[in-house]
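protein_14.cif follows; it contains mmCIF, C-alpha atoms.
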```cif
data_final
#
loop_
_atom_site.group_PDB
_atom_site.id
_atom_site.type_symbol
_atom_site.label_atom_id
_atom_site.label_comp_id
_atom_site.auth_asym_id
_atom_site.auth_seq_id
_atom_site.Cartn_x
_atom_site.Cartn_y
_atom_site.Cartn_z
ATOM 1 C CA MET A 1 0.000 0.000 0.000
ATOM 2 C CA ALA A 2 1.314 3.400 -0.980
ATOM 3 C CA SER A 3 2.148 6.068 1.571
ATOM 4 C CA GLU A 4 -0.481 8.774 1.751
ATOM 5 C CA GLY A 5 -0.762 12.268 3.125
ATOM 6 C CA PRO A 6 0.872 15.621 2.604
ATOM 7 C CA GLU A 7 4.340 14.465 3.691
ATOM 8 C CA ALA A 8 4.317 11.650 1.143
ATOM 9 C CA GLU A 9 3.135 13.973 -1.613
ATOM 10 C CA THR A 10 5.765 16.556 -0.682
ATOM 11 C CA ALA A 11 8.530 13.929 -0.706
ATOM 12 C CA ARG A 12 7.457 12.656 -4.135
ATOM 13 C CA ALA A 13 7.213 16.196 -5.513
ATOM 14 C CA GLN A 14 10.646 17.124 -4.159
ATOM 15 C CA PHE A 15 12.207 13.969 -5.612
ATOM 16 C CA ARG A 16 10.673 14.718 -9.005
ATOM 17 C CA SER A 17 11.781 18.339 -8.772
ATOM 18 C CA ILE A 18 15.363 17.186 -8.257
ATOM 19 C CA LEU A 19 15.075 15.052 -11.401
ATOM 20 C CA GLU A 20 14.105 18.146 -13.388
ATOM 21 C CA GLU A 21 17.117 20.168 -12.235
ATOM 22 C CA LYS A 22 19.850 21.091 -14.672
ATOM 23 C CA GLY A 23 23.249 19.640 -13.956
ATOM 24 C CA HIS A 24 25.301 16.497 -14.186
ATOM 25 C CA SER A 25 23.245 13.315 -13.955
ATOM 26 C CA THR A 26 25.441 11.768 -11.290
ATOM 27 C CA GLU A 27 25.147 14.803 -8.995
ATOM 28 C CA ILE A 28 21.384 14.884 -9.497
ATOM 29 C CA ALA A 29 21.242 11.173 -8.708
ATOM 30 C CA GLN A 30 23.119 11.675 -5.445
ATOM 31 C CA ARG A 31 20.717 14.457 -4.381
ATOM 32 C CA ALA A 32 17.700 12.368 -5.392
ATOM 33 C CA ILE A 33 18.896 9.375 -3.355
ATOM 34 C CA ALA A 34 19.507 11.608 -0.344
ATOM 35 C CA ARG A 35 15.960 12.988 -0.592
ATOM 36 C CA LEU A 36 14.441 9.517 -0.840
ATOM 37 C CA GLU A 37 16.418 8.237 2.121
ATOM 38 C CA GLU A 38 15.324 11.259 4.136
ATOM 39 C CA ALA A 39 11.694 10.486 3.267
ATOM 40 C CA PHE A 40 12.137 6.819 4.204
ATOM 41 C CA ALA A 41 13.876 7.642 7.494
ATOM 42 C CA GLY A 42 11.206 10.197 8.417
ATOM 43 C CA GLY A 43 8.373 7.817 7.579
ATOM 44 C CA ALA A 44 6.941 9.972 4.775
ATOM 45 C CA LEU A 45 7.444 7.127 2.298
ATOM 46 C CA ARG A 46 7.824 3.370 2.607
ATOM 47 C CA PRO A 47 10.548 1.835 0.477
ATOM 48 C CA THR A 48 9.328 -0.869 -1.885
ATOM 49 C CA PRO A 49 11.582 -3.780 -2.876
ATOM 50 C CA PRO A 50 11.930 -2.432 -6.450
ATOM 51 C CA ILE A 51 12.964 0.994 -5.143
ATOM 52 C CA GLN A 52 15.415 -0.547 -2.681
ATOM 53 C CA GLN A 53 16.971 -2.569 -5.523
ATOM 54 C CA ALA A 54 17.099 0.466 -7.798
ATOM 55 C CA ILE A 55 18.842 2.514 -5.104
ATOM 56 C CA ALA A 56 21.386 -0.280 -4.630
ATOM 57 C CA ASP A 57 21.948 -0.385 -8.401
ATOM 58 C CA LEU A 58 22.280 3.392 -8.506
ATOM 59 C CA ARG A 59 24.849 3.364 -5.712
ATOM 60 C CA LEU A 60 26.844 0.810 -7.682
ATOM 61 C CA ALA A 61 26.647 2.982 -10.815
ATOM 62 C CA LEU A 62 27.879 5.961 -8.795
ATOM 63 C CA THR A 63 30.830 4.098 -7.294
ATOM 64 C CA GLN A 64 34.155 5.355 -8.539
ATOM 65 C CA ASP A 65 37.752 4.475 -8.000
ATOM 66 C CA GLU A 66 39.777 7.067 -6.148
ATOM 67 C CA GLY A 67 40.818 9.834 -8.489
ATOM 68 C CA GLN A 68 38.291 8.801 -11.146
ATOM 69 C CA LYS A 69 35.579 11.122 -12.378
ATOM 70 C CA LEU A 70 32.036 9.932 -12.860
ATOM 71 C CA GLY A 71 30.644 10.342 -16.328
ATOM 72 C CA GLY A 72 29.634 8.463 -19.446
ATOM 73 C CA LYS A 73 28.261 5.119 -18.366
ATOM 74 C CA SER A 74 27.590 6.273 -14.796
ATOM 75 C CA ALA A 75 25.543 9.223 -16.056
ATOM 76 C CA GLU A 76 23.581 7.059 -18.470
ATOM 77 C CA ALA A 77 22.908 4.429 -15.805
ATOM 78 C CA SER A 78 21.883 7.141 -13.328
ATOM 79 C CA ARG A 79 19.292 8.566 -15.714
ATOM 80 C CA PHE A 80 17.894 5.119 -16.499
ATOM 81 C CA ILE A 81 17.659 4.042 -12.849
ATOM 82 C CA LEU A 82 16.150 7.343 -11.696
ATOM 83 C CA ARG A 83 13.394 6.972 -14.308
ATOM 84 C CA ALA A 84 12.670 3.493 -12.933
ATOM 85 C CA ILE A 85 12.477 4.852 -9.377
ATOM 86 C CA ASP A 86 10.177 7.652 -10.541
ATOM 87 C CA ARG A 87 7.784 5.116 -12.114
ATOM 88 C CA GLU A 88 7.692 3.117 -8.865
ATOM 89 C CA LEU A 89 7.502 6.120 -6.523
ATOM 90 C CA ASP A 90 3.708 6.316 -6.394
ATOM 91 C CA SER A 91 3.757 2.849 -4.777
ATOM 92 C CA ALA A 92 6.187 3.929 -2.042
#
```
Show me, as structure tokens, the structure contained in the file I just sent.
Amino acid sequence: MASEGPEAETARAQFRSILEEKGHSTEIAQRAIARLEEAFAGGALRPTPPIQQAIADLRLALTQDEGQKLGGKSAEASRFILRAIDRELDSA
């Protein structure tokens, strides 16, 4: 069952607002994950198994070796995974 109420709606809207921001996909992804985790920790949203898996996949895509810059494949994966989370978010 999806989370309801103004806090849930605000959390979803803020997540989606982050996705619309201009900037590098990997930085947007990091801000979006932080907002979701804040919503989960505060009880505004309940994490679903697909969202939990997508966040784990996103963290893996954002992992870099020391001294390496994120880009290319990480950015593409970030965009793809964030779209998947956005589709699932109404169930959270």
**Message:** Can you translate the PyMOL selection byres ((chain A and resi 3-7) around 12) into the concrete residues it hits in this file, as a PyMOL selection string?
**Reply:** chain A and resi 1-2+8-14+38-40+42-48+89-92
**Asked** Between A:Pro49, A:Ala75, A:Leu82, A:Asp57, which is the closest to Thr26 of chain A once you count all atoms listed in the file?
**Response**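 Looking at the shortest contact to Thr26 of chain A, the residue is A:Ala75.
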**Prompt:** At most 12 Å from (20.2, 12.7, -3.9), file frame, only C-alpha atoms: which residues, as a list in words?
**Reply:** Gln14, Phe15, Arg16, Ser17, Ile18, Leu19, Glu21, Ser25, Thr26, Glu27, Ile28, Ala29, Gln30, Arg31, Ala32, Ile33, Ala34, Arg35, Leu36, Glu37, Glu38, Ala39, Ile55, Leu58, Arg59, Leu62, Ser78 and Leu82 of chain A
**Asked** atom CA of Gly23 of chain A and atom CA of Phe80 of chain A are how many Å apart?
**Response**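 So the two atoms, atom CA of Gly23 of chain A and atom CA of Phe80 of chain A, lie 15.7 Å apart.
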**Message:** One number please: atom CA of Glu20 of chain A to atom CA of Gln53 of chain A, in Å, one decimal.
**Reply:**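 Answer for the atom CA of Glu20 of chain A to atom CA of Gln53 of chain A separation: 22.3 Å.
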Give the padded box for segment 6-16 of chain A as AutoDock Vina command-line options: axis-aligned, covering all atoms listed in the file, 6 Å on each side, centre and edge lengths in Å to one decimal.
```
--center_x 6.5 --center_y 14.4 --center_z -2.7 --size_x 23.3 --size_y 17.5 --size_z 24.7
```
**Asked** Using all atoms listed in the file, which of A:His24, A:Ala77, A:Ala41, A:Glu88 sits nearest Thr63 of chain A?
**Response**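 Comparing A:His24, A:Ala77, A:Ala41, A:Glu88 against Thr63 of chain A, the winner is A:Ala77.
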